[in-house]
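Student: Below is the file query-v1.txt, which contains compact mmCIF, C-alpha atoms and all ligand atoms.
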# COMPACT_ATOMS: atom_id res chain seq x y z
CA MET A 66 -207.13 294.93 -243.95
CA LYS A 67 -210.49 294.88 -242.21
CA THR A 68 -211.50 293.09 -239.00
CA ARG A 69 -214.32 293.73 -236.55
CA ILE A 70 -211.78 295.74 -234.51
CA THR A 71 -210.60 298.01 -237.34
CA GLU A 72 -214.29 298.64 -238.15
CA LEU A 73 -215.27 299.21 -234.50
CA LEU A 74 -212.42 301.66 -233.92
CA GLN A 75 -212.29 303.17 -237.41
CA ILE A 76 -208.55 302.54 -237.71
CA GLU A 77 -206.45 301.48 -240.68
CA TYR A 78 -204.38 298.71 -239.09
CA PRO A 79 -205.29 296.20 -236.34
CA ILE A 80 -202.48 297.45 -234.10
CA ILE A 81 -203.22 298.92 -230.69
CA GLN A 82 -200.59 300.49 -228.47
CA GLY A 83 -200.68 299.36 -224.82
CA GLY A 84 -201.73 301.93 -222.23
CA MET A 85 -198.43 301.77 -220.37
CA ALA A 86 -198.15 303.73 -217.12
CA TRP A 87 -195.90 306.82 -217.53
CA VAL A 88 -194.83 305.64 -221.01
CA ALA A 89 -198.09 306.02 -222.93
CA GLU A 90 -198.36 309.80 -222.89
CA HIS A 91 -199.68 312.08 -225.62
CA HIS A 92 -196.65 312.05 -227.96
CA LEU A 93 -196.62 308.27 -228.26
CA ALA A 94 -200.40 307.87 -228.47
CA ALA A 95 -200.71 310.55 -231.16
CA ALA A 96 -197.85 309.06 -233.21
CA VAL A 97 -199.41 305.58 -233.16
CA SER A 98 -202.81 306.93 -234.19
CA GLU A 99 -201.25 309.09 -236.91
CA ALA A 100 -199.57 305.94 -238.26
CA GLY A 101 -202.94 304.17 -238.59
CA GLY A 102 -203.06 302.17 -235.35
CA LEU A 103 -204.86 303.06 -232.14
CA GLY A 104 -202.77 305.19 -229.80
CA ILE A 105 -203.70 305.00 -226.15
CA ILE A 106 -202.98 307.44 -223.33
CA GLY A 107 -202.24 305.50 -220.14
CA ALA A 108 -203.99 307.26 -217.27
CA ALA A 109 -202.17 304.99 -214.76
CA SER A 110 -202.10 306.77 -211.37
CA ALA A 111 -202.32 310.29 -212.77
CA PRO A 112 -204.83 312.80 -211.37
CA ALA A 113 -207.86 313.26 -213.61
CA GLU A 114 -206.89 316.81 -214.65
CA VAL A 115 -203.50 315.57 -215.88
CA VAL A 116 -205.33 313.03 -218.02
CA ARG A 117 -207.51 315.84 -219.41
CA GLU A 118 -204.38 317.79 -220.38
CA GLU A 119 -202.85 314.72 -222.01
CA ILE A 120 -205.99 314.17 -224.09
CA ARG A 121 -206.01 317.82 -225.20
CA LYS A 122 -202.30 317.75 -226.07
CA ALA A 123 -202.77 314.57 -228.10
CA ARG A 124 -205.59 316.28 -230.01
CA THR A 125 -203.21 319.04 -231.09
CA LEU A 126 -201.04 316.36 -232.73
CA THR A 127 -203.67 314.21 -234.43
CA ASP A 128 -207.33 314.21 -235.38
CA LYS A 129 -207.39 310.41 -235.66
CA PRO A 130 -209.12 308.31 -232.94
CA ILE A 131 -207.24 308.14 -229.61
CA GLY A 132 -208.05 305.90 -226.66
CA VAL A 133 -207.42 306.10 -222.93
CA ASN A 134 -206.43 303.22 -220.65
CA ILE A 135 -207.95 303.45 -217.20
CA MET A 136 -205.98 301.65 -214.50
CA LEU A 137 -208.70 300.54 -212.11
CA MET A 138 -206.42 300.26 -209.07
CA ASN A 139 -206.02 304.04 -209.31
CA PRO A 140 -208.08 305.66 -206.51
CA ASN A 141 -208.80 308.50 -208.99
CA ALA A 142 -210.42 306.12 -211.50
CA PRO A 143 -213.98 307.51 -211.01
CA GLU A 144 -212.78 311.06 -211.80
CA VAL A 145 -210.70 309.80 -214.74
CA VAL A 146 -213.83 308.13 -216.16
CA LYS A 147 -215.69 311.45 -215.90
CA VAL A 148 -212.90 313.38 -217.64
CA VAL A 149 -212.60 310.80 -220.43
CA ILE A 150 -216.33 311.13 -221.13
CA GLU A 151 -216.28 314.95 -220.90
CA GLU A 152 -213.36 315.13 -223.33
CA GLY A 153 -215.25 313.07 -225.92
CA ILE A 154 -212.94 310.04 -225.94
CA LYS A 155 -214.69 307.25 -227.84
CA VAL A 156 -212.66 304.20 -226.82
CA VAL A 157 -211.20 303.05 -223.52
CA THR A 158 -209.29 300.03 -222.37
CA THR A 159 -209.26 299.15 -218.69
CA GLY A 160 -206.68 297.23 -216.69
CA ALA A 161 -205.95 295.74 -213.29
CA GLY A 162 -209.57 295.31 -212.23
CA ASN A 163 -213.24 295.05 -213.13
CA PRO A 164 -214.79 298.05 -214.94
CA ALA A 165 -218.43 296.85 -214.53
CA LYS A 166 -219.52 299.81 -212.41
CA TYR A 167 -218.53 302.31 -215.13
CA MET A 168 -220.12 300.44 -218.03
CA LYS A 169 -223.48 302.25 -217.92
CA ASP A 170 -221.84 305.71 -218.05
CA PHE A 171 -219.56 304.65 -220.91
CA LYS A 172 -222.45 303.19 -222.91
CA GLU A 173 -224.61 306.30 -222.45
CA ALA A 174 -221.72 308.44 -223.69
CA GLY A 175 -221.10 306.20 -226.71
CA VAL A 176 -217.68 305.10 -225.47
CA LYS A 177 -216.46 301.72 -226.72
CA VAL A 178 -215.07 299.65 -223.84
CA MET A 179 -212.34 297.05 -224.28
CA PRO A 180 -211.35 295.65 -220.87
CA VAL A 181 -207.98 293.94 -220.56
CA VAL A 182 -208.54 290.46 -219.16
CA ALA A 183 -206.18 287.74 -218.03
CA SER A 184 -208.70 284.87 -217.77
CA VAL A 185 -211.66 283.32 -219.60
CA ALA A 186 -213.98 283.95 -216.62
CA MET A 187 -213.20 287.68 -216.67
CA ALA A 188 -213.69 287.80 -220.47
CA LYS A 189 -217.15 286.21 -220.16
CA MET A 190 -218.10 288.55 -217.35
CA MET A 191 -217.03 291.56 -219.42
CA GLU A 192 -219.08 290.40 -222.40
CA ARG A 193 -222.13 290.06 -220.15
CA CYS A 194 -221.51 293.61 -218.82
CA GLY A 195 -221.60 295.00 -222.38
CA ALA A 196 -217.93 295.21 -223.37
CA ASP A 197 -217.41 295.87 -227.09
CA ALA A 198 -214.24 293.74 -227.26
CA VAL A 199 -211.71 292.28 -224.84
CA VAL A 200 -207.94 292.44 -224.79
CA ALA A 201 -206.71 288.96 -223.79
CA GLU A 202 -203.35 289.63 -222.19
CA GLY A 203 -200.93 286.78 -221.54
CA MET A 204 -198.36 286.69 -218.78
CA GLU A 205 -195.53 287.37 -221.25
CA SER A 206 -196.56 291.02 -220.99
CA GLY A 207 -194.74 293.69 -219.07
CA GLY A 208 -196.26 295.32 -216.02
CA HIS A 209 -199.15 293.91 -213.98
CA ILE A 210 -199.95 290.42 -215.32
CA GLY A 211 -202.11 287.35 -214.89
CA PHE A 212 -200.97 283.73 -214.91
CA THR A 213 -201.81 282.31 -218.36
CA THR A 214 -199.70 282.61 -221.49
CA THR A 215 -200.98 284.35 -224.62
CA MET A 216 -200.80 281.10 -226.61
CA CYS A 217 -203.20 279.41 -224.16
CA LEU A 218 -205.35 282.39 -223.20
CA VAL A 219 -206.27 283.84 -226.60
CA PRO A 220 -207.92 280.76 -228.22
CA GLN A 221 -209.78 279.95 -225.01
CA VAL A 222 -211.13 283.50 -224.77
CA VAL A 223 -212.00 283.46 -228.49
CA ASP A 224 -214.08 280.30 -227.94
CA ALA A 225 -215.76 281.70 -224.84
CA VAL A 226 -217.05 285.04 -226.15
CA SER A 227 -218.72 286.39 -229.30
CA ILE A 228 -217.23 289.88 -229.13
CA PRO A 229 -213.90 290.44 -230.92
CA VAL A 230 -210.69 289.57 -229.10
CA ILE A 231 -207.43 291.53 -229.18
CA ALA A 232 -204.30 289.52 -228.37
CA ALA A 233 -201.62 290.98 -226.11
CA GLY A 234 -198.45 289.73 -224.47
CA GLY A 235 -195.35 288.53 -226.27
CA ILE A 236 -196.13 290.11 -229.65
CA GLY A 237 -193.20 292.00 -231.14
CA ASP A 238 -193.13 291.47 -234.90
CA GLY A 239 -195.18 290.27 -237.86
CA ARG A 240 -194.82 286.64 -236.82
CA GLY A 241 -196.50 287.49 -233.53
CA VAL A 242 -199.27 289.39 -235.34
CA ALA A 243 -199.86 286.48 -237.75
CA ALA A 244 -199.84 283.97 -234.88
CA SER A 245 -202.38 286.07 -232.98
CA PHE A 246 -204.69 286.02 -235.98
CA MET A 247 -204.25 282.24 -236.24
CA LEU A 248 -205.41 282.00 -232.60
CA GLY A 249 -208.58 283.88 -233.52
CA ALA A 250 -207.66 287.41 -232.48
CA GLU A 251 -208.83 290.32 -234.66
CA ALA A 252 -206.14 292.78 -233.59
CA VAL A 253 -203.08 292.92 -231.38
CA GLN A 254 -202.05 295.19 -228.55
CA MET A 255 -198.32 295.81 -228.20
CA GLY A 256 -196.45 297.62 -225.46
CA THR A 257 -192.77 296.72 -225.29
CA ARG A 258 -192.02 297.48 -228.96
CA PHE A 259 -193.49 300.98 -228.52
CA ILE A 260 -191.42 301.73 -225.38
CA VAL A 261 -188.44 302.21 -227.68
CA ALA A 262 -190.29 304.15 -230.37
CA GLN A 263 -188.65 307.39 -231.48
CA GLU A 264 -191.69 309.34 -230.27
CA SER A 265 -191.67 307.65 -226.85
CA ILE A 266 -190.49 310.03 -224.11
CA VAL A 267 -188.97 307.16 -222.10
CA HIS A 268 -185.42 307.93 -220.91
CA GLN A 269 -182.76 306.57 -223.28
CA ASN A 270 -181.24 304.45 -220.45
CA TYR A 271 -184.55 302.53 -220.14
CA LYS A 272 -184.85 302.19 -223.92
CA ASP A 273 -181.29 300.81 -224.07
CA LYS A 274 -182.18 298.22 -221.41
CA VAL A 275 -185.12 297.03 -223.53
CA ILE A 276 -183.02 296.98 -226.69
CA LYS A 277 -180.22 295.01 -225.00
CA ALA A 278 -182.51 292.62 -223.09
CA LYS A 279 -182.38 288.91 -223.86
CA ASP A 280 -185.24 286.40 -223.70
CA ILE A 281 -184.62 285.53 -220.03
CA ASP A 282 -183.94 289.02 -218.70
CA SER A 283 -187.30 289.73 -217.06
CA GLU A 284 -188.48 288.87 -213.55
CA ILE A 285 -191.88 288.78 -211.91
CA THR A 286 -191.98 290.67 -208.64
CA GLY A 287 -194.97 290.72 -206.32
CA MET A 288 -196.09 287.09 -206.66
CA SER A 289 -196.47 287.03 -202.86
CA THR A 290 -198.50 290.26 -202.72
CA GLY A 291 -201.09 289.36 -205.35
CA HIS A 292 -199.77 292.06 -207.72
CA PRO A 293 -197.34 290.28 -210.01
CA VAL A 294 -195.38 292.74 -212.14
CA ARG A 295 -193.03 291.76 -214.99
CA GLN A 296 -189.98 293.96 -215.43
CA ILE A 297 -186.37 293.76 -216.56
CA ARG A 298 -184.02 292.32 -213.92
CA ASN A 299 -181.93 294.94 -212.09
CA GLN A 300 -180.68 295.85 -208.61
CA MET A 301 -184.22 296.69 -207.50
CA THR A 302 -185.77 293.36 -208.59
CA ARG A 303 -182.89 291.44 -206.91
CA GLU A 304 -183.55 293.28 -203.65
CA TYR A 305 -187.33 292.90 -204.01
CA LEU A 306 -187.14 289.16 -204.68
CA ARG A 307 -184.72 288.67 -201.78
CA LEU A 308 -187.15 290.46 -199.44
CA GLU A 309 -190.08 288.47 -200.81
CA LYS A 310 -188.21 285.21 -200.20
CA GLU A 311 -187.57 286.30 -196.63
CA GLY A 312 -191.30 286.87 -196.19
CA ALA A 313 -191.28 290.69 -196.11
CA GLY A 314 -194.63 292.42 -195.64
CA LEU A 315 -196.50 294.49 -198.21
CA GLU A 316 -195.46 297.76 -196.61
CA GLU A 317 -191.73 297.06 -196.83
CA LEU A 318 -192.06 295.87 -200.44
CA GLU A 319 -194.17 298.84 -201.47
CA TYR A 320 -191.62 301.21 -199.95
CA LEU A 321 -189.00 299.75 -202.30
CA THR A 322 -191.13 300.45 -205.38
CA LEU A 323 -192.47 303.86 -204.37
CA GLY A 324 -192.15 306.13 -207.40
CA SER A 325 -189.94 303.55 -209.08
CA LEU A 326 -191.64 303.66 -212.47
CA ARG A 327 -191.08 307.41 -212.63
CA LYS A 328 -187.43 306.83 -211.68
CA ALA A 329 -187.05 304.51 -214.67
CA VAL A 330 -189.06 306.44 -217.27
CA ILE A 331 -188.16 310.03 -216.40
CA ASP A 332 -184.83 309.86 -214.52
CA GLY A 333 -183.39 306.89 -216.43
CA ASP A 334 -182.42 305.21 -213.15
CA THR A 335 -181.97 301.64 -214.37
CA ALA A 336 -180.69 300.36 -211.01
CA ASN A 337 -183.54 301.47 -208.71
CA GLY A 338 -186.31 302.05 -211.25
CA THR A 339 -189.01 299.60 -212.36
CA LEU A 340 -188.16 298.72 -215.97
CA MET A 341 -191.53 297.26 -216.96
CA ALA A 342 -191.22 295.29 -220.21
CA GLY A 343 -192.50 292.04 -221.65
CA GLN A 344 -190.59 288.86 -222.45
CA ILE A 345 -190.53 289.94 -226.09
CA ALA A 346 -187.96 292.63 -225.18
CA GLY A 347 -185.37 290.07 -226.36
CA LEU A 348 -186.74 290.52 -229.88
CA VAL A 349 -186.93 294.31 -229.80
CA GLY A 350 -183.61 295.47 -231.15
CA LYS A 351 -183.92 298.97 -232.51
CA GLN A 352 -185.50 302.37 -232.09
CA GLN A 353 -187.90 303.29 -234.91
CA THR A 354 -190.69 305.76 -235.48
CA CYS A 355 -194.22 304.51 -234.79
CA ARG A 356 -194.92 304.67 -238.53
CA GLU A 357 -191.87 302.50 -239.28
CA ILE A 358 -192.91 300.01 -236.58
CA ILE A 359 -196.49 299.69 -237.82
CA GLU A 360 -195.58 299.53 -241.52
CA GLU A 361 -192.89 296.92 -240.81
CA LEU A 362 -195.31 294.86 -238.70
CA MET A 363 -197.96 294.82 -241.42
CA LYS A 364 -195.44 293.99 -244.16
CA GLU A 365 -193.94 291.15 -242.10
CA THR A 366 -197.39 289.79 -241.29
CA GLN A 367 -198.27 289.65 -244.99
CA VAL A 368 -195.00 287.87 -245.82
CA VAL A 369 -195.51 285.28 -243.07
CA VAL A 370 -199.11 284.58 -244.07
CA LYS A 371 -198.19 284.31 -247.77
CA LYS A 372 -195.32 281.91 -247.00
CA GLU A 373 -197.62 279.75 -244.89
CA ASN A 374 -200.29 279.69 -247.61
CA GLU A 375 -197.71 278.58 -250.18
CA LEU A 376 -196.52 275.84 -247.85
CA TRP A 377 -200.02 274.46 -247.44
CA ALA A 378 -200.82 274.72 -251.17
CA LYS A 379 -198.07 272.18 -251.99
O1 LIG A 401 -203.03 296.60 -216.11
C1 LIG A 401 -202.21 296.00 -216.74
N1 LIG A 401 -200.89 296.24 -216.66
C2 LIG A 401 -200.32 297.18 -215.86
S1 LIG A 401 -201.14 298.26 -214.85
C3 LIG A 401 -199.72 298.90 -214.34
S2 LIG A 401 -199.65 300.18 -213.18
C4 LIG A 401 -199.00 299.38 -211.86
N2 LIG A 401 -197.93 299.90 -211.34
C5 LIG A 401 -197.35 299.33 -210.29
C6 LIG A 401 -197.86 298.18 -209.73
C7 LIG A 401 -198.95 297.60 -210.28
C8 LIG A 401 -199.54 298.20 -211.37
C9 LIG A 401 -198.69 298.30 -214.95
N3 LIG A 401 -199.05 297.36 -215.81
N4 LIG A 401 -202.57 295.04 -217.60
C10 LIG A 401 -203.91 294.64 -217.74
C11 LIG A 401 -204.24 293.57 -216.79
N5 LIG A 401 -205.33 293.53 -216.11
N6 LIG A 401 -203.46 292.53 -216.50
C12 LIG A 401 -204.17 291.77 -215.58
C13 LIG A 401 -205.34 292.43 -215.35
C14 LIG A 401 -206.44 292.09 -214.53
C15 LIG A 401 -206.25 291.58 -213.26
C16 LIG A 401 -207.35 291.32 -212.45
C17 LIG A 401 -207.73 292.32 -214.98
C18 LIG A 401 -208.80 292.05 -214.19
C19 LIG A 401 -208.60 291.54 -212.95
O2 LIG A 401 -209.71 291.26 -212.23
C20 LIG A 401 -209.72 291.47 -210.89
C21 LIG A 401 -211.14 291.57 -210.42
O3 LIG A 401 -211.47 292.62 -209.85
O4 LIG A 401 -211.91 290.65 -210.68
Could you render the structure as structure tokens?
Tutor:
Amino acid sequence: MKTRITELLQIEYPIIQGGMAWVAEHHLAAAVSEAGGLGIIGAASAPAEVVREEIRKARTLTDKPIGVNIMLMNPNAPEVVKVVIEEGIKVVTTGAGNPAKYMKDFKEAGVKVMPVVASVAMAKMMERCGADAVVAEGMESGGHIGFTTTMCLVPQVVDAVSIPVIAAGGIGDGRGVAASFMLGAEAVQMGTRFIVAQESIVHQNYKDKVIKAKDIDSEITGMSTGHPVRQIRNQMTREYLRLEKEGAGLEELEYLTLGSLRKAVIDGDTANGTLMAGQIAGLVGKQQTCREIIEELMKETQVVVKKENELWAK
């Protein structure tokens, strides 16, 4: 199928893998791109030279387009931008901030920019700055989130901008893909389903937590600090939320989460680690290769759309 996004990115399927911190490294990104979606390397808080290595390693695994997600809260973001341009990356997504100051450099280098936004105002601002598309991410997502749900955010962003919109947050199967298209999106970005992909290097303990999670098993920490983060409930979130309720300061809360994503992804510490995952974890029930995930998603989407068409033809 063709949409403005598949054309813009020169990809086969309108499926983009989220640029998840620690999770979205070169194996996962390359596998998604090889399967016809857009794989994304999540630069997160990594030093710029580590990002360079990740890009080069991904290139040994695929010659299909690969993107990089730049986490704008990262103090190294300016150097990461430089490396991404030097390495010839042609598409970036940005998260957790406003990428306006990098737009000129990206444009000059021919890099397509797709900022992740959590509000209509931010989407409009990004269009004015020259963004090629926006990822409208609802608060069902894992990780750092905004306050509006995907169902409400996507159609409002679609109405507010002329550039193509990618839906994210709460999408886990073909029904979610079809629903996103009904809301006016031209592609989807998915994170949680890819955490448990065969090619994902995430520790099996973390993957098992996602696979076993139910609909109500995530919590939002950091509401009081201005950095709300959705993750699967565990000992750490219980402690964090207790401290937040007691009015703990930023320093004490940050101490609790220091290196906690690494603990979850690399060490498999499901008690003290940050198990970032979206609300759709309840629907994610098995480990599959990226190719299986993408092919299943596209097949399911077709079935759902066909069924709906038949219903309306009666
Ligand atoms: O960025 C994300 N999700 C993330 S980043 C991340 S790394 C992290 N680790 C620990 C603590 C906090 C973060 C984990 N998950 N999603 C994209 C996203 N961007 N969601 C919301 C936003 C956003 C928020 C504010 C985008 C723009 C924005 O604007 C602020 C401004 O400067 O106007």
Student: Distance limit 9 Å, reference ligand LIG 401 (chain A), atoms considered: all atoms listed in the file. Which residues make the cut? Give them as an MDAnalysis selection string.
Tutor: chainID A and resid 83:87 109:110 134:139 158:164 180:184 187 200:204 206:212 287 292:295 322:323 325:326 339 341
Student: Between A:Met216, A:Val369, A:Ile120, A:Val199, which is the closest to Ala108 in chain A once you count all atoms listed in the file?
Tutor: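 Between A:Met216, A:Val369, A:Ile120, A:Val199, the residue approaching Ala108 in chain A most closely is A:Ile120.
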Student: Given the point (-195.6, 292.9, -240.9) in the coordinates of this file, which residues lie within 12 Å, counting all atoms listed in the file, and how would they look as a VMD selection string?
Tutor: chain A and resid 78 to 80 236 to 244 357 to 371
Student: Create the file for the chosen residues now, containing C-alpha atoms and written as an mmCIF file, in the frame of the given file.
Tutor:
data_model
loop_
_atom_site.group_PDB
_atom_site.id
_atom_site.type_symbol
_atom_site.label_atom_id
_atom_site.label_comp_id
_atom_site.auth_asym_id
_atom_site.auth_seq_id
_atom_site.Cartn_x
_atom_site.Cartn_y
_atom_site.Cartn_z
ATOM 1 C CA TYR A 78 -204.380 298.710 -239.090
ATOM 2 C CA PRO A 79 -205.290 296.200 -236.340
ATOM 3 C CA ILE A 80 -202.480 297.450 -234.100
ATOM 4 C CA ILE A 236 -196.130 290.110 -229.650
ATOM 5 C CA GLY A 237 -193.200 292.000 -231.140
ATOM 6 C CA ASP A 238 -193.130 291.470 -234.900
ATOM 7 C CA GLY A 239 -195.180 290.270 -237.860
ATOM 8 C CA ARG A 240 -194.820 286.640 -236.820
ATOM 9 C CA GLY A 241 -196.500 287.490 -233.530
ATOM 10 C CA VAL A 242 -199.270 289.390 -235.340
ATOM 11 C CA ALA A 243 -199.860 286.480 -237.750
ATOM 12 C CA ALA A 244 -199.840 283.970 -234.880
ATOM 13 C CA GLU A 357 -191.870 302.500 -239.280
ATOM 14 C CA ILE A 358 -192.910 300.010 -236.580
ATOM 15 C CA ILE A 359 -196.490 299.690 -237.820
ATOM 16 C CA GLU A 360 -195.580 299.530 -241.520
ATOM 17 C CA GLU A 361 -192.890 296.920 -240.810
ATOM 18 C CA LEU A 362 -195.310 294.860 -238.700
ATOM 19 C CA MET A 363 -197.960 294.820 -241.420
ATOM 20 C CA LYS A 364 -195.440 293.990 -244.160
ATOM 21 C CA GLU A 365 -193.940 291.150 -242.100
ATOM 22 C CA THR A 366 -197.390 289.790 -241.290
ATOM 23 C CA GLN A 367 -198.270 289.650 -244.990
ATOM 24 C CA VAL A 368 -195.000 287.870 -245.820
ATOM 25 C CA VAL A 369 -195.510 285.280 -243.070
ATOM 26 C CA VAL A 370 -199.110 284.580 -244.070
ATOM 27 C CA LYS A 371 -198.190 284.310 -247.770
#
Student: What lies within 12 Å of Gly350 in chain A using only C-alpha atoms, ignoring chain neighbours under 6 positions off, as JSON, numbers by chain?
Tutor: {"A": [237, 238, 257, 258, 259, 260, 261, 262, 272, 273, 274, 275, 276, 277, 278, 279, 280, 358]}
Student: Counting all atoms listed in the file, which residues of range 303-373 of chain A sit at most 12 Å from some atom of range 92-95 of chain A, and what is each one's closest atom pair with its distance in Å to one decimal, listed by chain and rising residue number, as a tab-separated table?
Tutor:
residue	atom	partner	partner_atom	distance
A:Thr354	CA	A:Leu93	CA	9.7
A:Cys355	CA	A:Leu93	CA	7.9
A:Arg356	CA	A:Leu93	CA	11.0
